[in-house]
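Participant: Below you'll find the structure I mean.
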Amino acid sequence: MGDGWKGIAAGLAAGLVVGVALLVFRGGLPAWPHGAAPEDAAVDTASVAGADTADGDSAVHASRDNAIVHATERAAPAVVSIYVRQQQAVNTQAYDFMERMGLAPHREYRDVRSMGSGVIVSADGLIVTNSHVVEAAVDIIVLLSDGRQFQAVPVDNVERYDLAVLRIEGRDLPVARLGDSDDLRTGEWAIAIGSPFGYLLADAQPTVTVGVISAVNRDIRMSGGDRVYLGMIQTDAAINPGNSGGPLVNTDGEVVGINTFIFSESGGSVGIGFAVPVARVRTVLEEIARYGHYRDISLGFTLRQMSPLEMARRGLEDPAGLMVDAVETGRPAWQAGLRAGDVLRELGGVKVASLSTVWRVVYDRNVGDHLPFIAERNGSRWQGELVIEELKQP
């Protein structure tokens, strides 16, 4: 070989060495194209692939380990399915006929089964759900996500807030933490946990849906009924039949509301659901702990709207106000000096425009709260103060 060819060969060899060195420096040789590596490289390739797979799994797991997952892991074990047996009266033609004749026919009943959700809020077995979930129940069964089943007994029912409290007897019960519904921000994550369509599912695991807090302090009057919901939390986390009574949870895994109802024409979720703020749950639980039951409130008077003709006859120029129709002797309104025929102008610092205004003022009030008012009698206005008392049960 001549000197020229020797120089070319030496140059090629040197270039190959430098090229390999650069490849190694930059991260190793490229993968074998379109096929397996030769047998003599199989062991090394496998060991490198195994190391890459472990690191990859770790990275993937870390990317899935988010706030929603953590919140669900904290709250979901305390979410329960509630199975209810109710008895509904059966109206028959024979019954209606005998009733019209002034007789006392035997009333027949039939069993109706329904279900909802709830959440365990204390280690001694207190469960919060909706009133309408357990309304008229004669038998209540609670199923935990770990498969345990308990007979539940009602503790209290607060229809004003659509909240009910049950109790089960069990050990090592998972307990959800209660958060702060007064600190909610529109747009923050919201997690709804419950048992939608629970009869269709073969296991006791709750269903988790995710959305945001769409709005707070929503007031809703249900169509076709007298029930009014005030100060509700709105969310687009999917809520479906069976979710009622389950918790709405924040990203810290804390309960901020109790899922209650949805707006829907189909019966399924369309992204407009509402939850009772957990602040009311706290109030109910505190009352039960201290008094054994929630103390419903009484003002001791009834009010009615006046017609324009009546207002003109009484010489009342200001259209804002309600007539005091009746006052119970010895009750808060009587003790505050109100009498039948007075006109209530303001209550709790709010001008009284309608009965719904009064309802809004007293909705979140409790026994012992003081309510200043302004009333009018014989053309003269005067101020007083109501001290709310407990409603006496008949």
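Order determines the names: the first chain of the structure tokens is A, the second B, and so forth; residues in each chain are numbered 1 upward, and ligands are numbered 1 upward as they are shown.
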Got a sec: who's within 7 Å of A:Gly271, counting only C-alpha atoms, leaving out chain neighbours fewer than 5 positions off, as a PyMOL selection string?
Facilitator: chain A and resi 236-238
Participant: Identify, on the basis of only C-alpha atoms, every residue whose closest approach to A:Met115 does not exceed 8 Å; exclude the query and any residue fewer than 6 positions from it along the same chain; express the result as a VMD selection string.
Facilitator: chain A and resid 81 to 84 133 198 242
Participant: Restricting it to N, CA and C atoms, dump the selection as a PDB file, in the first residue's frame.
Facilitator:
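File part-v9.pdb, as written:
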```pdb
ATOM      1  N   SER A  81     -72.996   4.766  50.903  1.00  0.00           N
ATOM      2  CA  SER A  81     -74.253   4.618  50.181  1.00  0.00           C
ATOM      3  C   SER A  81     -75.364   4.384  51.191  1.00  0.00           C
ATOM      4  N   ILE A  82     -76.504   5.006  50.973  1.00  0.00           N
ATOM      5  CA  ILE A  82     -77.629   4.909  51.900  1.00  0.00           C
ATOM      6  C   ILE A  82     -78.820   4.298  51.167  1.00  0.00           C
ATOM      7  N   TYR A  83     -79.283   3.165  51.654  1.00  0.00           N
ATOM      8  CA  TYR A  83     -80.422   2.468  51.061  1.00  0.00           C
ATOM      9  C   TYR A  83     -81.622   2.630  51.987  1.00  0.00           C
ATOM     10  N   VAL A  84     -82.718   3.111  51.441  1.00  0.00           N
ATOM     11  CA  VAL A  84     -83.871   3.506  52.244  1.00  0.00           C
ATOM     12  C   VAL A  84     -85.112   2.722  51.805  1.00  0.00           C
ATOM     13  N   VAL A 133     -83.442  12.436  51.232  1.00  0.00           N
ATOM     14  CA  VAL A 133     -82.948  11.074  51.011  1.00  0.00           C
ATOM     15  C   VAL A 133     -83.612  10.092  51.968  1.00  0.00           C
ATOM     16  N   GLY A 198     -76.587   3.769  42.150  1.00  0.00           N
ATOM     17  CA  GLY A 198     -75.912   2.744  42.947  1.00  0.00           C
ATOM     18  C   GLY A 198     -76.426   1.334  42.737  1.00  0.00           C
ATOM     19  N   GLY A 242     -78.796   9.606  43.104  1.00  0.00           N
ATOM     20  CA  GLY A 242     -77.996   8.790  44.015  1.00  0.00           C
ATOM     21  C   GLY A 242     -76.863   9.560  44.647  1.00  0.00           C
TER      22      GLY A 242
END
```
Participant: Kindly assemble as CSV a list of the stretch 182-218 of chain A residues that lie within 6 Å of stretch 245-253 of chain A, each paired with its nearest atom pair and their distance in Å to one decimal, using only C-alpha atoms, sorted first by chain and then by ascending residue number.
Facilitator:
```
residue,atom,partner,partner_atom,distance
A:Ala190,CA,A:Asn250,CA,5.3
A:Ile191,CA,A:Val249,CA,4.9
A:Ala192,CA,A:Leu248,CA,4.6
A:Ile193,CA,A:Pro247,CA,5.8
A:Gly194,CA,A:Gly246,CA,4.9
```
Participant: Give me a file of those residues, with C-alpha atoms, as a PDB file, in the first residue's frame.
Facilitator:
```
ATOM      1  CA  ALA A 190     -64.613  20.974  43.303  1.00  0.00           C
ATOM      2  CA  ILE A 191     -64.926  17.191  43.681  1.00  0.00           C
ATOM      3  CA  ALA A 192     -68.320  15.482  44.013  1.00  0.00           C
ATOM      4  CA  ILE A 193     -68.261  12.031  45.604  1.00  0.00           C
ATOM      5  CA  GLY A 194     -71.255   9.730  45.916  1.00  0.00           C
TER       6      GLY A 194
END
```
Participant: Report the residues of stretch 220-312 of chain A whose backbone DSSP state falls under alpha helix (DSSP H), written as a list of chain:residue names.
Facilitator: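 For stretch 220-312 of chain A, the alpha helix (DSSP H) set is A:Val278, A:Ala279, A:Arg280, A:Val281, A:Arg282, A:Thr283, A:Val284, A:Leu285, A:Glu286, A:Glu287, A:Ile288, A:Ala289, A:Arg290, A:Tyr291, A:Pro308, A:Leu309, A:Glu310, A:Met311, A:Ala312.
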Participant: Near A:Ser307, counting only C-alpha atoms, which residues have an atom at most 12 Å away, once you skip same-chain residues fewer than 2 positions from it, shown as a PyMOL selection string?
Facilitator: chain A and resi 304-305+309-314+316+319-323+354
Participant: Just the selected residues (N, CA and C atoms), exported as an mmCIF file, in the first residue's frame, please.
Facilitator:
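This is the output file out_27.cif:
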```
data_model
loop_
_atom_site.group_PDB
_atom_site.id
_atom_site.type_symbol
_atom_site.label_atom_id
_atom_site.label_comp_id
_atom_site.auth_asym_id
_atom_site.auth_seq_id
_atom_site.Cartn_x
_atom_site.Cartn_y
_atom_site.Cartn_z
ATOM 1 N N ARG A 304 -98.294 39.039 56.862
ATOM 2 C CA ARG A 304 -98.979 38.886 55.587
ATOM 3 C C ARG A 304 -98.762 40.126 54.732
ATOM 4 N N GLN A 305 -98.843 39.909 53.424
ATOM 5 C CA GLN A 305 -98.705 41.003 52.465
ATOM 6 C C GLN A 305 -99.997 41.805 52.428
ATOM 7 N N LEU A 309 -105.024 48.453 48.077
ATOM 8 C CA LEU A 309 -106.242 49.053 48.609
ATOM 9 C C LEU A 309 -106.184 49.162 50.124
ATOM 10 N N GLU A 310 -105.700 48.099 50.778
ATOM 11 C CA GLU A 310 -105.597 48.124 52.245
ATOM 12 C C GLU A 310 -104.596 49.163 52.700
ATOM 13 N N MET A 311 -103.485 49.275 51.966
ATOM 14 C CA MET A 311 -102.477 50.266 52.331
ATOM 15 C C MET A 311 -103.034 51.671 52.193
ATOM 16 N N ALA A 312 -103.807 51.917 51.143
ATOM 17 C CA ALA A 312 -104.400 53.244 50.958
ATOM 18 C C ALA A 312 -105.398 53.544 52.064
ATOM 19 N N ARG A 313 -106.184 52.524 52.428
ATOM 20 C CA ARG A 313 -107.175 52.717 53.492
ATOM 21 C C ARG A 313 -106.516 53.047 54.817
ATOM 22 N N ARG A 314 -105.332 52.488 55.050
ATOM 23 C CA ARG A 314 -104.623 52.756 56.293
ATOM 24 C C ARG A 314 -103.737 53.988 56.203
ATOM 25 N N LEU A 316 -101.022 54.320 54.374
ATOM 26 C CA LEU A 316 -99.614 53.941 54.325
ATOM 27 C C LEU A 316 -99.055 54.297 52.957
ATOM 28 N N PRO A 319 -94.731 51.621 50.277
ATOM 29 C CA PRO A 319 -95.216 50.286 49.920
ATOM 30 C C PRO A 319 -94.423 49.157 50.569
ATOM 31 N N ALA A 320 -93.239 49.455 51.102
ATOM 32 C CA ALA A 320 -92.414 48.419 51.732
ATOM 33 C C ALA A 320 -92.945 48.129 53.129
ATOM 34 N N GLY A 321 -93.211 46.866 53.403
ATOM 35 C CA GLY A 321 -93.663 46.510 54.731
ATOM 36 C C GLY A 321 -94.676 45.385 54.705
ATOM 37 N N LEU A 322 -94.774 44.661 55.828
ATOM 38 C CA LEU A 322 -95.722 43.567 55.980
ATOM 39 C C LEU A 322 -96.562 43.804 57.226
ATOM 40 N N MET A 323 -97.798 43.373 57.127
ATOM 41 C CA MET A 323 -98.705 43.511 58.271
ATOM 42 C C MET A 323 -98.440 42.395 59.274
ATOM 43 N N SER A 354 -91.116 41.776 51.090
ATOM 44 C CA SER A 354 -91.998 40.632 50.852
ATOM 45 C C SER A 354 -91.722 39.582 51.926
#
```
Participant: Counting only C-alpha atoms, what is within 10 Å of A:Val362, bar same-chain residues fewer than 3 positions away, as number ranges by chain?
Facilitator: A: 297-299, 347-348, 357-359, 365-366, 369, 371, 388
Participant: Restricting the calculation to only C-alpha atoms: of A:Ala67, A:Val270, A:Ala204, A:Val276, which residue gets closest to A:Ser131?
Facilitator: A:Val276
Participant: Need the shell around A:Arg345: protein/DNA/RNA residues with any atom at most 6 Å away, counting only C-alpha atoms. Skip same-chain ones fewer than 6 positions apart. Format as a VMD selection string?
Facilitator: chain A and resid 321 352 374 to 375
Participant: With N, CA and C atoms retained, write the just-selected residues as a compact mmCIF listing (two decimals), in the first residue's frame.
Facilitator:
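Output (selection-v1.txt):
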```
# COMPACT_ATOMS: atom_id res chain seq x y z
N GLY A 321 -93.21 46.87 53.40
CA GLY A 321 -93.66 46.51 54.73
C GLY A 321 -94.68 45.38 54.70
N VAL A 352 -88.19 45.37 54.55
CA VAL A 352 -89.08 44.22 54.34
C VAL A 352 -89.96 44.49 53.13
N ILE A 374 -87.68 47.69 62.68
CA ILE A 374 -88.40 48.97 62.68
C ILE A 374 -89.84 48.66 62.32
N ALA A 375 -90.77 49.14 63.13
CA ALA A 375 -92.20 48.90 62.90
C ALA A 375 -92.94 50.23 62.91
```
Participant: From a DSSP pass on the backbone, collect the residues of stretch 188-284 of chain A flagged as strand (DSSP E) and hand them back as a PyMOL selection string.
Facilitator: chain A and resi 189-194+207-221+228-235+247-249+254-262+273-277
Participant: Report the distance between atom CA of A:Asp172 and atom CA of A:Val121 in Å, rounded to one decimal place.
Facilitator: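 These two atoms are separated by 12.8 Å.
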